[in-house]
>>> print(open('coords.csv').read())   # CSV, C-alpha atoms
chain,number,residue,atom,x,y,z
A,13,MET,CA,-10.6,33.9,1.2
A,14,THR,CA,-9.0,30.4,1.4
A,15,ASP,CA,-5.2,29.7,1.4
A,16,PHE,CA,-3.1,26.7,2.2
A,17,GLN,CA,0.0,26.4,4.4
A,18,ILE,CA,2.5,23.5,4.3
A,19,GLU,CA,4.3,22.8,7.5
A,20,PRO,CA,6.9,20.0,8.2
A,21,LEU,CA,5.9,17.5,10.8
A,22,SER,CA,7.0,18.6,14.2
A,23,SER,CA,6.6,17.2,17.7
A,24,SER,CA,3.7,19.6,18.3
A,25,LEU,CA,1.9,18.4,15.2
A,26,PHE,CA,2.7,14.7,15.5
A,27,ASN,CA,-0.5,13.6,17.3
A,28,GLN,CA,-2.7,15.7,15.1
A,29,ALA,CA,-1.1,14.3,11.9
A,30,LYS,CA,-1.2,10.8,13.2
A,31,GLN,CA,-4.9,10.9,14.1
A,32,PHE,CA,-5.7,12.6,10.8
A,33,VAL,CA,-4.1,9.8,8.7
A,34,GLU,CA,-5.5,7.1,10.9
A,35,ALA,CA,-9.1,8.4,10.2
A,36,ASN,CA,-8.6,7.4,6.5
A,37,GLU,CA,-5.8,4.9,7.1
A,38,LYS,CA,-7.0,2.2,4.6
A,39,TYR,CA,-6.0,4.7,1.7
A,40,SER,CA,-2.4,5.1,3.0
A,41,VAL,CA,-1.3,2.4,5.3
A,42,SER,CA,2.4,3.0,4.4
A,43,LEU,CA,2.1,6.7,5.3
A,44,SER,CA,0.5,5.8,8.6
A,45,ALA,CA,3.4,3.4,9.3
A,46,MET,CA,5.9,6.2,8.3
A,47,ILE,CA,4.4,8.6,10.8
A,48,SER,CA,4.3,6.1,13.6
A,49,ALA,CA,8.0,5.2,12.9
A,50,VAL,CA,8.9,8.8,13.8
A,51,LYS,CA,8.3,7.9,17.5
A,52,VAL,CA,8.8,4.1,17.4
A,53,PRO,CA,11.3,3.3,14.6
A,54,VAL,CA,10.5,0.1,12.6
A,55,PRO,CA,13.0,-1.2,10.0
A,56,THR,CA,10.3,-1.9,7.4
A,57,ALA,CA,8.5,1.5,7.8
A,58,PRO,CA,9.4,4.2,5.2
A,59,GLN,CA,11.6,7.0,6.5
A,60,GLY,CA,11.9,10.6,5.1
A,61,ASN,CA,10.1,13.9,5.4
A,62,ILE,CA,6.5,14.4,6.4
A,63,PHE,CA,4.4,17.5,5.7
A,64,CYS,CA,1.1,18.7,7.0
A,65,ILE,CA,-1.3,20.6,4.7
A,66,PHE,CA,-3.3,23.3,6.6
A,67,LYS,CA,-6.2,25.3,5.1
A,68,ILE,CA,-6.6,28.9,6.3
A,69,GLU,CA,-10.1,30.2,5.9
A,70,ASN,CA,-11.8,33.1,7.8
A,71,GLY,CA,-9.1,33.0,10.4
A,72,ASN,CA,-9.5,29.3,11.0
A,73,LYS,CA,-6.7,26.8,10.5
A,74,THR,CA,-7.6,23.2,9.8
A,75,LEU,CA,-5.5,20.2,8.9
A,76,GLU,CA,-6.6,19.0,5.4
A,77,GLY,CA,-3.9,16.5,4.4
A,78,VAL,CA,-0.6,14.8,5.2
A,79,PHE,CA,2.0,13.6,2.8
A,80,GLY,CA,5.5,12.1,3.0
A,81,ILE,CA,8.5,12.0,0.7
A,82,THR,CA,10.6,9.0,1.6
A,83,ASN,CA,14.4,8.8,1.5
A,84,GLY,CA,13.8,6.7,-1.7
A,85,GLU,CA,11.9,9.7,-3.2
A,86,LEU,CA,8.5,8.0,-3.0
A,87,ILE,CA,5.5,10.2,-2.3
A,88,LEU,CA,2.9,8.8,0.1
A,89,HIS,CA,-0.2,10.9,0.6
A,90,ASN,CA,-3.5,11.3,2.4
A,91,VAL,CA,-5.5,14.4,1.3
A,92,PRO,CA,-9.2,13.4,1.5
A,93,PHE,CA,-10.6,16.5,-0.2
A,94,LEU,CA,-8.7,15.5,-3.4
A,95,PHE,CA,-10.2,12.0,-3.4
A,96,GLU,CA,-12.5,10.8,-6.2
A,97,ASN,CA,-15.3,10.3,-3.6
A,98,SER,CA,-14.8,13.7,-1.9
A,99,PRO,CA,-18.0,15.7,-1.4
A,100,LEU,CA,-16.1,18.7,-3.0
A,101,GLN,CA,-16.2,16.8,-6.4
A,102,ALA,CA,-19.9,17.8,-6.5
A,103,ALA,CA,-18.8,21.5,-6.6
A,104,PRO,CA,-16.4,21.5,-9.5
A,105,GLU,CA,-15.6,25.2,-9.5
A,106,LYS,CA,-14.8,25.3,-5.7
A,107,PHE,CA,-12.8,22.0,-6.0
A,108,LYS,CA,-10.8,23.4,-8.9
A,109,GLU,CA,-10.0,26.6,-7.0
A,110,LEU,CA,-8.8,24.8,-3.9
A,111,ARG,CA,-6.8,22.3,-6.0
A,112,THR,CA,-5.1,25.1,-7.9
A,113,LYS,CA,-4.2,27.0,-4.7
A,114,LEU,CA,-2.8,23.8,-3.1
A,115,LEU,CA,-0.8,22.9,-6.2
A,116,ALA,CA,1.0,26.3,-6.0
A,117,GLU,CA,2.1,25.5,-2.5
A,118,ILE,CA,3.0,21.9,-3.1
A,119,VAL,CA,5.1,22.4,-6.3
A,120,PRO,CA,8.2,24.0,-4.7
A,121,ILE,CA,8.4,21.2,-2.1
A,122,VAL,CA,8.0,18.4,-4.6
A,123,LYS,CA,10.3,19.9,-7.2
A,124,ALA,CA,13.1,20.1,-4.6
A,125,HIS,CA,13.2,16.3,-4.8
A,126,ASN,CA,14.0,13.9,-7.6
A,127,ILE,CA,10.7,12.0,-7.2
A,128,PHE,CA,11.0,8.3,-8.3
A,129,SER,CA,7.4,7.2,-7.5
A,130,ILE,CA,4.0,8.2,-6.2
A,131,MET,CA,1.6,5.8,-4.6
A,132,GLY,CA,-1.9,6.2,-3.3
A,133,GLU,CA,-5.6,7.1,-4.0
A,134,ALA,CA,-5.9,7.7,-7.7
A,135,SER,CA,-7.2,11.3,-7.9
A,136,SER,CA,-4.7,12.6,-5.3
A,137,SER,CA,-1.9,10.6,-7.0
A,138,ASP,CA,-2.7,12.5,-10.2
A,139,PHE,CA,-2.5,15.8,-8.3
A,140,PHE,CA,1.0,14.9,-6.9
A,141,CYS,CA,2.1,13.7,-10.4
A,142,GLU,CA,1.1,17.1,-11.8
A,143,ALA,CA,3.1,18.8,-9.0
A,144,THR,CA,6.3,17.1,-10.1
A,145,GLY,CA,6.1,18.8,-13.5
A,146,LYS,CA,7.4,15.6,-15.1
A,147,GLU,CA,6.0,13.0,-17.5
A,148,PRO,CA,5.8,9.7,-15.7
A,149,ALA,CA,7.6,6.7,-17.3
A,150,CYS,CA,4.8,4.4,-16.2
A,151,ARG,CA,1.4,4.6,-14.5
A,152,ARG,CA,-0.2,1.5,-13.1
A,153,ALA,CA,-3.8,1.5,-12.2
A,154,TYR,CA,-5.1,-0.6,-9.3
A,155,ILE,CA,-8.3,-1.1,-7.3
A,156,LEU,CA,-8.0,-0.8,-3.5
A,157,MET,CA,-10.0,-3.5,-1.8
A,158,GLU,CA,-10.9,-3.9,1.9
A,159,TYR,CA,-11.7,-7.2,3.6
A,160,LYS,CA,-15.3,-7.4,4.9
A,161,PRO,CA,-15.9,-10.7,6.7
A,162,GLY,CA,-19.6,-10.7,6.1
A,163,THR,CA,-19.1,-10.8,2.3
A,164,ALA,CA,-16.7,-13.8,2.2
A,165,GLU,CA,-17.8,-16.7,0.1
A,166,THR,CA,-14.6,-18.7,0.7
A,167,ASN,CA,-14.3,-21.0,3.6
A,168,PHE,CA,-10.6,-20.7,4.4
A,169,ALA,CA,-10.8,-23.8,6.6
A,170,ARG,CA,-10.6,-25.9,3.5
A,171,PHE,CA,-7.3,-24.3,2.7
A,172,SER,CA,-5.8,-25.4,6.0
A,173,PRO,CA,-2.4,-27.0,6.1
A,174,LYS,CA,-4.0,-30.4,6.8
A,175,SER,CA,-6.2,-30.1,3.7
A,176,LEU,CA,-3.3,-29.0,1.5
A,177,LEU,CA,-1.2,-31.8,2.8
A,178,GLN,CA,-3.5,-34.2,0.9
A,179,GLN,CA,-2.2,-32.8,-2.3
A,180,GLY,CA,1.5,-33.1,-1.2
A,181,LEU,CA,1.3,-29.4,-0.2
A,182,PHE,CA,1.5,-27.6,3.2
A,183,MET,CA,1.4,-24.0,4.3
A,184,ARG,CA,3.3,-22.2,7.1
A,185,GLU,CA,4.5,-18.9,8.3
A,186,CYS,CA,7.9,-18.0,7.0
A,187,GLN,CA,10.9,-16.9,8.9
A,188,THR,CA,14.2,-15.1,7.9
A,189,SER,CA,15.7,-18.6,7.4
A,190,ASP,CA,13.4,-19.0,4.5
A,191,ALA,CA,14.8,-16.0,2.6
A,192,GLU,CA,16.9,-18.1,0.1
A,193,ALA,CA,14.1,-20.5,-0.6
A,194,LEU,CA,11.6,-17.6,-1.1
A,195,TYR,CA,13.9,-15.5,-3.3
A,196,PRO,CA,13.0,-17.0,-6.7
A,197,LEU,CA,9.3,-16.3,-6.0
A,198,GLN,CA,10.1,-12.8,-4.8
A,199,LYS,CA,12.3,-12.1,-7.8
A,200,GLU,CA,9.5,-13.1,-10.2
A,201,TYR,CA,7.0,-11.0,-8.3
A,202,ASP,CA,9.3,-8.0,-8.4
A,203,ILE,CA,9.9,-8.3,-12.2
A,204,VAL,CA,6.2,-8.9,-13.0
A,205,GLU,CA,4.4,-6.7,-10.5
A,206,VAL,CA,6.8,-4.1,-9.1
A,207,LEU,CA,9.7,-3.0,-11.3
A,208,PRO,CA,9.0,-0.1,-13.7
A,209,PRO,CA,9.9,-0.5,-17.4
A,210,ASN,CA,13.6,-0.7,-18.3
A,211,THR,CA,14.6,-1.4,-14.7
A,212,GLU,CA,16.9,-4.3,-13.9
A,213,HIS,CA,16.3,-6.6,-11.0
A,214,ASN,CA,18.7,-6.0,-8.2
A,215,GLU,CA,19.4,-9.4,-6.4
A,216,PHE,CA,21.1,-7.9,-3.4
A,217,ALA,CA,18.4,-5.2,-2.8
A,218,CYS,CA,15.7,-7.8,-3.3
A,219,LYS,CA,17.2,-10.2,-0.8
A,220,MET,CA,17.8,-7.5,1.8
A,221,SER,CA,14.3,-6.3,1.5
A,222,LEU,CA,12.9,-9.8,1.7
A,223,LYS,CA,14.9,-10.6,4.9
A,224,ARG,CA,13.6,-7.4,6.5
A,225,ASN,CA,10.1,-8.2,5.6
A,226,LEU,CA,10.4,-11.8,6.9
A,227,ALA,CA,11.7,-10.4,10.2
A,228,HIS,CA,8.9,-7.9,10.8
A,229,HIS,CA,5.9,-8.8,8.6
A,230,LEU,CA,3.4,-11.7,8.4
A,231,ILE,CA,4.5,-13.8,5.4
A,232,TYR,CA,3.0,-17.2,4.6
A,233,ALA,CA,3.9,-19.6,1.8
A,234,VAL,CA,2.5,-22.8,0.4
A,235,PHE,CA,5.3,-25.4,0.0
A,236,TYR,CA,5.7,-28.5,-2.1
A,237,GLY,CA,8.5,-30.3,-0.3
A,238,ASN,CA,11.1,-27.6,0.5
A,239,GLN,CA,10.0,-25.4,-2.4
A,240,PRO,CA,7.7,-22.4,-1.9
A,241,VAL,CA,5.2,-22.3,-4.8
A,242,ALA,CA,2.9,-19.5,-3.6
A,243,LYS,CA,3.1,-16.7,-1.1
A,244,ALA,CA,1.4,-13.7,0.5
A,245,GLY,CA,2.1,-11.4,3.3
A,246,THR,CA,1.8,-7.9,4.8
A,247,ASN,CA,3.8,-5.1,3.3
A,248,ALA,CA,2.6,-2.2,5.4
A,249,MET,CA,1.4,-2.2,9.0
A,250,GLY,CA,-0.6,0.7,10.2
A,251,THR,CA,-2.4,1.4,13.5
A,252,PHE,CA,-5.7,-0.1,12.5
A,253,TYR,CA,-5.0,-1.7,9.1
A,254,TYR,CA,-2.5,-4.1,7.6
A,255,GLN,CA,-1.9,-4.0,3.9
A,256,ILE,CA,-1.4,-7.3,2.0
A,257,GLY,CA,1.1,-7.5,-0.8
A,258,GLY,CA,3.6,-9.7,-2.5
A,259,VAL,CA,0.9,-12.2,-3.6
A,260,PHE,CA,2.4,-14.5,-6.2
A,261,THR,CA,2.2,-18.1,-7.4
A,262,GLU,CA,4.7,-20.0,-9.5
A,263,LYS,CA,3.4,-20.4,-13.0
A,264,LYS,CA,2.9,-24.1,-13.0
A,265,TRP,CA,1.0,-24.1,-9.7
A,266,ARG,CA,-1.6,-21.4,-10.8
A,267,ASN,CA,-5.3,-21.9,-10.9
A,268,LYS,CA,-5.3,-24.1,-7.8
A,269,HIS,CA,-6.4,-21.3,-5.3
A,270,LEU,CA,-3.0,-21.4,-3.6
A,271,ALA,CA,-2.5,-17.7,-3.5
A,272,ARG,CA,-6.0,-17.2,-2.2
A,273,ALA,CA,-5.2,-19.7,0.5
A,274,ALA,CA,-2.1,-17.8,1.5
A,275,VAL,CA,-4.0,-14.5,1.5
A,276,GLY,CA,-6.7,-16.1,3.6
A,277,ILE,CA,-4.2,-17.2,6.3
A,278,VAL,CA,-2.6,-13.7,6.3
A,279,VAL,CA,-6.1,-12.2,6.7
A,280,LYS,CA,-6.9,-14.6,9.7
A,281,ALA,CA,-3.5,-13.7,11.3
A,282,SER,CA,-4.1,-10.0,10.9
A,283,LEU,CA,-7.7,-10.2,12.3
A,284,ALA,CA,-6.3,-12.1,15.3
A,285,LYS,CA,-4.1,-9.1,16.0
A,286,GLY,CA,-7.2,-6.8,15.8
A,287,LYS,CA,-6.3,-5.3,12.4
A,288,LYS,CA,-8.5,-4.7,9.4
A,289,VAL,CA,-7.0,-5.6,6.0
A,290,VAL,CA,-6.6,-4.0,2.6
A,291,LEU,CA,-4.8,-4.9,-0.6
A,292,PHE,CA,-4.7,-3.4,-4.1
A,293,VAL,CA,-5.0,-5.4,-7.4
A,294,LYS,CA,-4.4,-4.3,-11.0
A,295,THR,CA,-7.5,-2.8,-12.5
A,296,GLU,CA,-7.3,-5.1,-15.6
A,297,ASN,CA,-6.7,-8.3,-13.6
A,298,GLU,CA,-10.3,-9.5,-13.6
A,299,PRO,CA,-9.5,-13.1,-12.4
A,300,ALA,CA,-7.7,-11.7,-9.3
A,301,LYS,CA,-10.5,-9.2,-8.5
A,302,THR,CA,-13.1,-11.9,-8.8
A,303,SER,CA,-11.0,-14.2,-6.5
A,304,TYR,CA,-10.6,-11.5,-3.9
A,305,ARG,CA,-14.3,-10.7,-4.0
A,306,HIS,CA,-15.1,-14.3,-3.3
A,307,ALA,CA,-12.6,-14.1,-0.4
A,308,GLY,CA,-14.5,-11.2,1.1
A,309,PHE,CA,-12.6,-8.2,-0.3
A,310,VAL,CA,-14.8,-5.2,-1.4
A,311,PRO,CA,-13.5,-2.5,-3.8
A,312,CYS,CA,-13.3,0.9,-2.0
A,313,SER,CA,-11.2,3.2,-4.3
A,314,ASN,CA,-9.1,3.5,-7.4
A,315,TYR,CA,-5.4,3.5,-6.5
A,316,ASP,CA,-2.5,4.6,-8.7
A,317,ILE,CA,1.3,4.1,-8.7
A,318,TYR,CA,3.4,6.4,-10.9
A,319,TYR,CA,7.1,5.8,-11.7
A,320,PHE,CA,9.4,8.4,-13.2
>>> encode(input="coords.csv", output="structure tokens")
Amino acid sequence: MTDFQIEPLSSSLFNQAKQFVEANEKYSVSLSAMISAVKVPVPTAPQGNIFCIFKIENGNKTLEGVFGITNGELILHNVPFLFENSPLQAAPEKFKELRTKLLAEIVPIVKAHNIFSIMGEASSSDFFCEATGKEPACRRAYILMEYKPGTAETNFARFSPKSLLQQGLFMRECQTSDAEALYPLQKEYDIVEVLPPNTEHNEFACKMSLKRNLAHHLIYAVFYGNQPVAKAGTNAMGTFYYQIGGVFTEKKWRNKHLARAAVGIVVKASLAKGKKVVLFVKTENEPAKTSYRHAGFVPCSNYDIYYF
């Protein structure tokens, strides 16, 4: 007989939950940051409620998953037995039984919230979407990719500031004082890549978020004079992994490898801090996937974001 039990994160469960998520951290860097921020608050880390999923079987109690619901009603999750690559997928009847039992426990918790979004590994994101009982307004499919230095074809040295300077361009790390200059790029990125359908851009919220990220994240931009024309940075910092996001190039400067250059510098800065690196890219964006493969990123999972 197998049952599931959901427990809110407590001080006695903190280390167990933290280590559990860290074991599969590349699939949920934001959730890892959210858990760490319980003990060491970080302005850019999500805040909200965290829950532990325990499986009860033959008198044994084992931790099988962790999920969080942020104050912004975003679900972040790390439930490996639900993953597409889970060994349980080879035993469909057993997998279905466990999935159904867990769903019954999760539904009351999720329905107590007005969920705005779900983000994470594709198969488990589908599970949490089902738990909401709502039809999503939008589902965006991505490929999660991890940087593997041995597979890189790109020599990032040729994208050094000195090299770029020959084209009238240079690249540097950005500070909070760059917020106003970076805002037009960030606005276009949010509109094109982030905002769900029928959602208006909020200038104030965008600028506040940008300033927080500039203060606490690694963000690099390629400049032409005083104008940033391409950028990349971290958007989640876990214990072992940094997640890259916000990669964007102004339209007239595209196809010049500038975004790849910015990503390369962020990768190098992350590696220098002893961190591994992941990012996710839209499934249908073949040019971007090819570019990231050349830069040393290897696909490791399907990754979904739902908006309601």
>>> closest_residue(input="coords.csv", among="A:Ile87, A:Val293, A:Leu100, A:Asn314", to="A:Cys141", atoms="only C-alpha atoms")
A:Ile87
>>> residues_around(input="coords.csv", residues="stretch 22-39 of chain A", least_positions_apart="2", cutoff="10 Å", atoms="all atoms listed in the file", output="PyMOL selection string")
chain A and resi 19-20+41-48+50-51+62-65+75-79+88-92+95+131-134+156-158+250-255+288-291+312-315
>>> closest_residue(input="coords.csv", among="A:Gly258, A:Ala164, A:Pro148, A:Phe66", to="A:Glu117", atoms="all atoms listed in the file")
A:Phe66
>>> residues_around(input="coords.csv", residues="A:Tyr195", least_positions_apart="3", cutoff="9 Å", atoms="all atoms listed in the file", output="ChimeraX atom specification")
/A:190-192,198-200,215,218-219,222
>>> closest_residue(input="coords.csv", among="A:Glu262, A:Glu69, A:Glu298, A:Glu205", to="A:Leu110", atoms="all atoms listed in the file")
A:Glu69
>>> residues_around(input="coords.csv", residues="A:Ala307", least_positions_apart="6", cutoff="12 Å", atoms="all atoms listed in the file", output="MDAnalysis selection string")
chainID A and resid 157:168 171 269 271:277 279:280 300:301
>>> write_last_selection(input="coords.csv", atoms="C-alpha atoms", output="PDB file, in the coordinates of the input")
ATOM      1  CA  MET A 157     -10.000  -3.500  -1.800  1.00  0.00           C
ATOM      2  CA  GLU A 158     -10.900  -3.900   1.900  1.00  0.00           C
ATOM      3  CA  TYR A 159     -11.700  -7.200   3.600  1.00  0.00           C
ATOM      4  CA  LYS A 160     -15.300  -7.400   4.900  1.00  0.00           C
ATOM      5  CA  PRO A 161     -15.900 -10.700   6.700  1.00  0.00           C
ATOM      6  CA  GLY A 162     -19.600 -10.700   6.100  1.00  0.00           C
ATOM      7  CA  THR A 163     -19.100 -10.800   2.300  1.00  0.00           C
ATOM      8  CA  ALA A 164     -16.700 -13.800   2.200  1.00  0.00           C
ATOM      9  CA  GLU A 165     -17.800 -16.700   0.100  1.00  0.00           C
ATOM     10  CA  THR A 166     -14.600 -18.700   0.700  1.00  0.00           C
ATOM     11  CA  ASN A 167     -14.300 -21.000   3.600  1.00  0.00           C
ATOM     12  CA  PHE A 168     -10.600 -20.700   4.400  1.00  0.00           C
ATOM     13  CA  PHE A 171      -7.300 -24.300   2.700  1.00  0.00           C
ATOM     14  CA  HIS A 269      -6.400 -21.300  -5.300  1.00  0.00           C
ATOM     15  CA  ALA A 271      -2.500 -17.700  -3.500  1.00  0.00           C
ATOM     16  CA  ARG A 272      -6.000 -17.200  -2.200  1.00  0.00           C
ATOM     17  CA  ALA A 273      -5.200 -19.700   0.500  1.00  0.00           C
ATOM     18  CA  ALA A 274      -2.100 -17.800   1.500  1.00  0.00           C
ATOM     19  CA  VAL A 275      -4.000 -14.500   1.500  1.00  0.00           C
ATOM     20  CA  GLY A 276      -6.700 -16.100   3.600  1.00  0.00           C
ATOM     21  CA  ILE A 277      -4.200 -17.200   6.300  1.00  0.00           C
ATOM     22  CA  VAL A 279      -6.100 -12.200   6.700  1.00  0.00           C
ATOM     23  CA  LYS A 280      -6.900 -14.600   9.700  1.00  0.00           C
ATOM     24  CA  ALA A 300      -7.700 -11.700  -9.300  1.00  0.00           C
ATOM     25  CA  LYS A 301     -10.500  -9.200  -8.500  1.00  0.00           C
TER      26      LYS A 301
END
>>> atom_distance(input="coords.csv", atom1="atom CA of A:Pro240", atom2="atom CA of A:Thr295")
27.0 Å
>>> atom_distance(input="coords.csv", atom1="atom CA of A:Val234", atom2="atom CA of A:Met183")
4.2 Å
>>> atom_distance(input="coords.csv", atom1="atom CA of A:Ser40", atom2="atom CA of A:Pro196")
28.6 Å
>>> closest_residue(input="coords.csv", among="A:Val241, A:Met13, A:Ala248, A:Ala227", to="A:Gly71", atoms="all atoms listed in the file")
A:Met13
>>> residues_around(input="coords.csv", residues="A:Phe140", least_positions_apart="2", cutoff="12 Å", atoms="all atoms listed in the file", output="PyMOL selection string")
chain A and resi 79-81+86-91+94+111-112+114-123+127+129-138+142-148+316-319
